[in-house]
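Each remark here refers to the structure printed beneath this line.
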Amino acid sequence: KYPKVNYIGNKEKIAKWICDQFPSNTNTIFDAFSGGCSLSYEAKCRGLEVYTNDILKINYHIANALVKNNKTLLETS
């Protein structure tokens, strides 16, 4: 499950809906304004290849932890 990130503009509540709107043959997404990476994380959980970008350094670290990290997938306990 995506961890709670208090970030203005967080797409956590609509990330699943957004991913549902992607064409069925989508393999890769580019999250240009990734912020807290809720959309990127949802796409990763669906098996998509994800590229993220954001101007804030903290969001770079969030992306590394949630998206780039291919060894650990967060799960609900």
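Following the order of the structure tokens, chains are lettered A, B, ..., residues in each are numbered from 1, and ligands are numbered from 1.
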So which residues touch Lys44 of chain A within 12 Å, counting only C-alpha atoms, skipping near sequence neighbours fewer than 5 positions away, as an mmCIF file with N, CA, C and O atoms, in the first residue's frame?
```cif
data_model
loop_
_atom_site.group_PDB
_atom_site.id
_atom_site.type_symbol
_atom_site.label_atom_id
_atom_site.label_comp_id
_atom_site.auth_asym_id
_atom_site.auth_seq_id
_atom_site.Cartn_x
_atom_site.Cartn_y
_atom_site.Cartn_z
ATOM 1 N N LYS A 1 0.843 -1.183 0.000
ATOM 2 C CA LYS A 1 0.000 0.000 0.000
ATOM 3 C C LYS A 1 0.884 1.240 0.000
ATOM 4 O O LYS A 1 1.896 1.296 0.675
ATOM 5 N N TYR A 2 0.443 2.256 -0.737
ATOM 6 C CA TYR A 2 1.190 3.505 -0.828
ATOM 7 C C TYR A 2 1.220 4.176 0.543
ATOM 8 O O TYR A 2 0.187 4.334 1.190
ATOM 9 N N ALA A 15 -5.242 8.037 -8.000
ATOM 10 C CA ALA A 15 -4.192 7.350 -8.755
ATOM 11 C C ALA A 15 -4.728 6.094 -9.448
ATOM 12 O O ALA A 15 -4.404 5.837 -10.616
ATOM 13 N N LYS A 16 -5.544 5.312 -8.762
ATOM 14 C CA LYS A 16 -6.100 4.097 -9.375
ATOM 15 C C LYS A 16 -6.992 4.459 -10.552
ATOM 16 O O LYS A 16 -6.928 3.830 -11.612
ATOM 17 N N CYS A 19 -4.848 5.527 -13.549
ATOM 18 C CA CYS A 19 -4.253 4.357 -14.199
ATOM 19 C C CYS A 19 -5.294 3.547 -14.973
ATOM 20 O O CYS A 19 -4.986 2.983 -16.020
ATOM 21 N N ASN A 27 2.620 0.324 -21.634
ATOM 22 C CA ASN A 27 3.705 -0.396 -20.945
ATOM 23 C C ASN A 27 4.564 0.533 -20.106
ATOM 24 O O ASN A 27 5.224 0.096 -19.173
ATOM 25 N N THR A 28 4.591 1.823 -20.459
ATOM 26 C CA THR A 28 5.491 2.790 -19.846
ATOM 27 C C THR A 28 4.753 4.090 -19.606
ATOM 28 O O THR A 28 3.935 4.497 -20.429
ATOM 29 N N ILE A 29 5.040 4.747 -18.458
ATOM 30 C CA ILE A 29 4.495 6.079 -18.218
ATOM 31 C C ILE A 29 5.622 7.009 -17.784
ATOM 32 O O ILE A 29 6.632 6.574 -17.236
ATOM 33 N N PHE A 30 5.416 8.292 -18.040
ATOM 34 C CA PHE A 30 6.312 9.335 -17.564
ATOM 35 C C PHE A 30 5.476 10.260 -16.685
ATOM 36 O O PHE A 30 4.549 10.896 -17.162
ATOM 37 N N ASP A 31 5.768 10.283 -15.401
ATOM 38 C CA ASP A 31 5.061 11.131 -14.443
ATOM 39 C C ASP A 31 5.878 12.419 -14.307
ATOM 40 O O ASP A 31 6.807 12.513 -13.515
ATOM 41 N N CYS A 37 4.743 10.803 -5.635
ATOM 42 C CA CYS A 37 4.843 9.551 -6.410
ATOM 43 C C CYS A 37 3.669 8.596 -6.254
ATOM 44 O O CYS A 37 3.800 7.408 -6.519
ATOM 45 N N SER A 38 2.505 9.086 -5.835
ATOM 46 C CA SER A 38 1.369 8.172 -5.685
ATOM 47 C C SER A 38 0.953 7.572 -7.020
ATOM 48 O O SER A 38 0.652 6.376 -7.102
ATOM 49 N N LEU A 39 0.930 8.367 -8.074
ATOM 50 C CA LEU A 39 0.578 7.845 -9.397
ATOM 51 C C LEU A 39 1.672 6.900 -9.906
ATOM 52 O O LEU A 39 1.371 5.813 -10.412
ATOM 53 N N GLU A 49 6.425 0.217 -16.625
ATOM 54 C CA GLU A 49 7.733 0.846 -16.486
ATOM 55 C C GLU A 49 7.472 2.321 -16.216
ATOM 56 O O GLU A 49 6.702 2.957 -16.934
ATOM 57 N N VAL A 50 8.100 2.884 -15.175
ATOM 58 C CA VAL A 50 7.773 4.232 -14.721
ATOM 59 C C VAL A 50 9.017 5.124 -14.730
ATOM 60 O O VAL A 50 10.074 4.734 -14.240
ATOM 61 N N TYR A 51 8.839 6.317 -15.271
ATOM 62 C CA TYR A 51 9.852 7.377 -15.214
ATOM 63 C C TYR A 51 9.226 8.554 -14.490
ATOM 64 O O TYR A 51 8.083 8.917 -14.768
ATOM 65 N N THR A 52 9.958 9.127 -13.535
ATOM 66 C CA THR A 52 9.417 10.245 -12.761
ATOM 67 C C THR A 52 10.311 11.471 -12.891
ATOM 68 O O THR A 52 11.481 11.373 -13.250
ATOM 69 N N ALA A 63 10.876 9.078 -4.968
ATOM 70 C CA ALA A 63 10.840 8.269 -6.192
ATOM 71 C C ALA A 63 11.855 7.135 -6.137
ATOM 72 O O ALA A 63 11.560 6.007 -6.550
ATOM 73 N N LEU A 66 10.319 4.512 -3.682
ATOM 74 C CA LEU A 66 9.069 3.851 -4.066
ATOM 75 C C LEU A 66 9.060 3.287 -5.475
ATOM 76 O O LEU A 66 8.406 2.279 -5.727
ATOM 77 N N VAL A 67 9.747 3.940 -6.391
ATOM 78 C CA VAL A 67 9.628 3.559 -7.795
ATOM 79 C C VAL A 67 10.896 2.874 -8.314
ATOM 80 O O VAL A 67 10.837 1.792 -8.874
ATOM 81 N N LYS A 68 12.030 3.490 -8.108
ATOM 82 C CA LYS A 68 13.282 2.923 -8.630
ATOM 83 C C LYS A 68 13.634 1.619 -7.927
ATOM 84 O O LYS A 68 14.187 0.712 -8.522
ATOM 85 N N ASN A 69 13.290 1.521 -6.671
ATOM 86 C CA ASN A 69 13.568 0.337 -5.872
ATOM 87 C C ASN A 69 12.768 -0.840 -6.432
ATOM 88 O O ASN A 69 11.566 -0.910 -6.298
ATOM 89 N N ASN A 70 13.456 -1.789 -7.054
ATOM 90 C CA ASN A 70 12.776 -2.937 -7.646
ATOM 91 C C ASN A 70 12.795 -4.179 -6.750
ATOM 92 O O ASN A 70 12.191 -5.180 -7.082
ATOM 93 N N THR A 72 11.968 -4.176 -3.298
ATOM 94 C CA THR A 72 10.989 -4.145 -2.218
ATOM 95 C C THR A 72 9.722 -3.462 -2.691
ATOM 96 O O THR A 72 9.765 -2.333 -3.144
ATOM 97 N N LEU A 73 8.591 -4.152 -2.598
ATOM 98 C CA LEU A 73 7.296 -3.581 -2.915
ATOM 99 C C LEU A 73 6.520 -3.503 -1.608
ATOM 100 O O LEU A 73 6.374 -4.507 -0.908
ATOM 101 N N LEU A 74 6.085 -2.312 -1.245
ATOM 102 C CA LEU A 74 5.366 -2.143 0.012
ATOM 103 C C LEU A 74 4.038 -2.866 -0.037
ATOM 104 O O LEU A 74 3.353 -2.868 -1.057
#
```
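Secondary structure from DSSP on the backbone puts alpha helix (DSSP H) at the following positions of chain A: Ala15, Lys16, Trp17, Ile18, Cys19, Asp20, Ser38, Leu39, Ser40, Tyr41, Glu42, Ala43, Lys44, Cys45, Lys57, Ile58, Asn59, Tyr60, His61, Ile62 and Ala63 of chain A.
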Backbone DSSP call of strand (DSSP E) for chain A, listed as a list in words:
Thr28, Ile29, Phe30, Asp31, Glu49, Val50, Tyr51 and Thr52 of chain A
Between atom CA of Asn59 of chain A and atom CA of Gly35 of chain A, what is the spacing in Å?
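Computing it gives 5.6 Å between the two atoms.
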Taking only C-alpha atoms into account, which of A:Gly47, A:Tyr41, A:Gly36, A:Asn6 comes nearest His61 of chain A?
A:Gly36
Select, from A:Gln21, A:Thr26, A:Lys13, A:Ile8, the residue with the minimum atom-to-atom distance to Leu48 of chain A, counting only C-alpha atoms.
A:Thr26
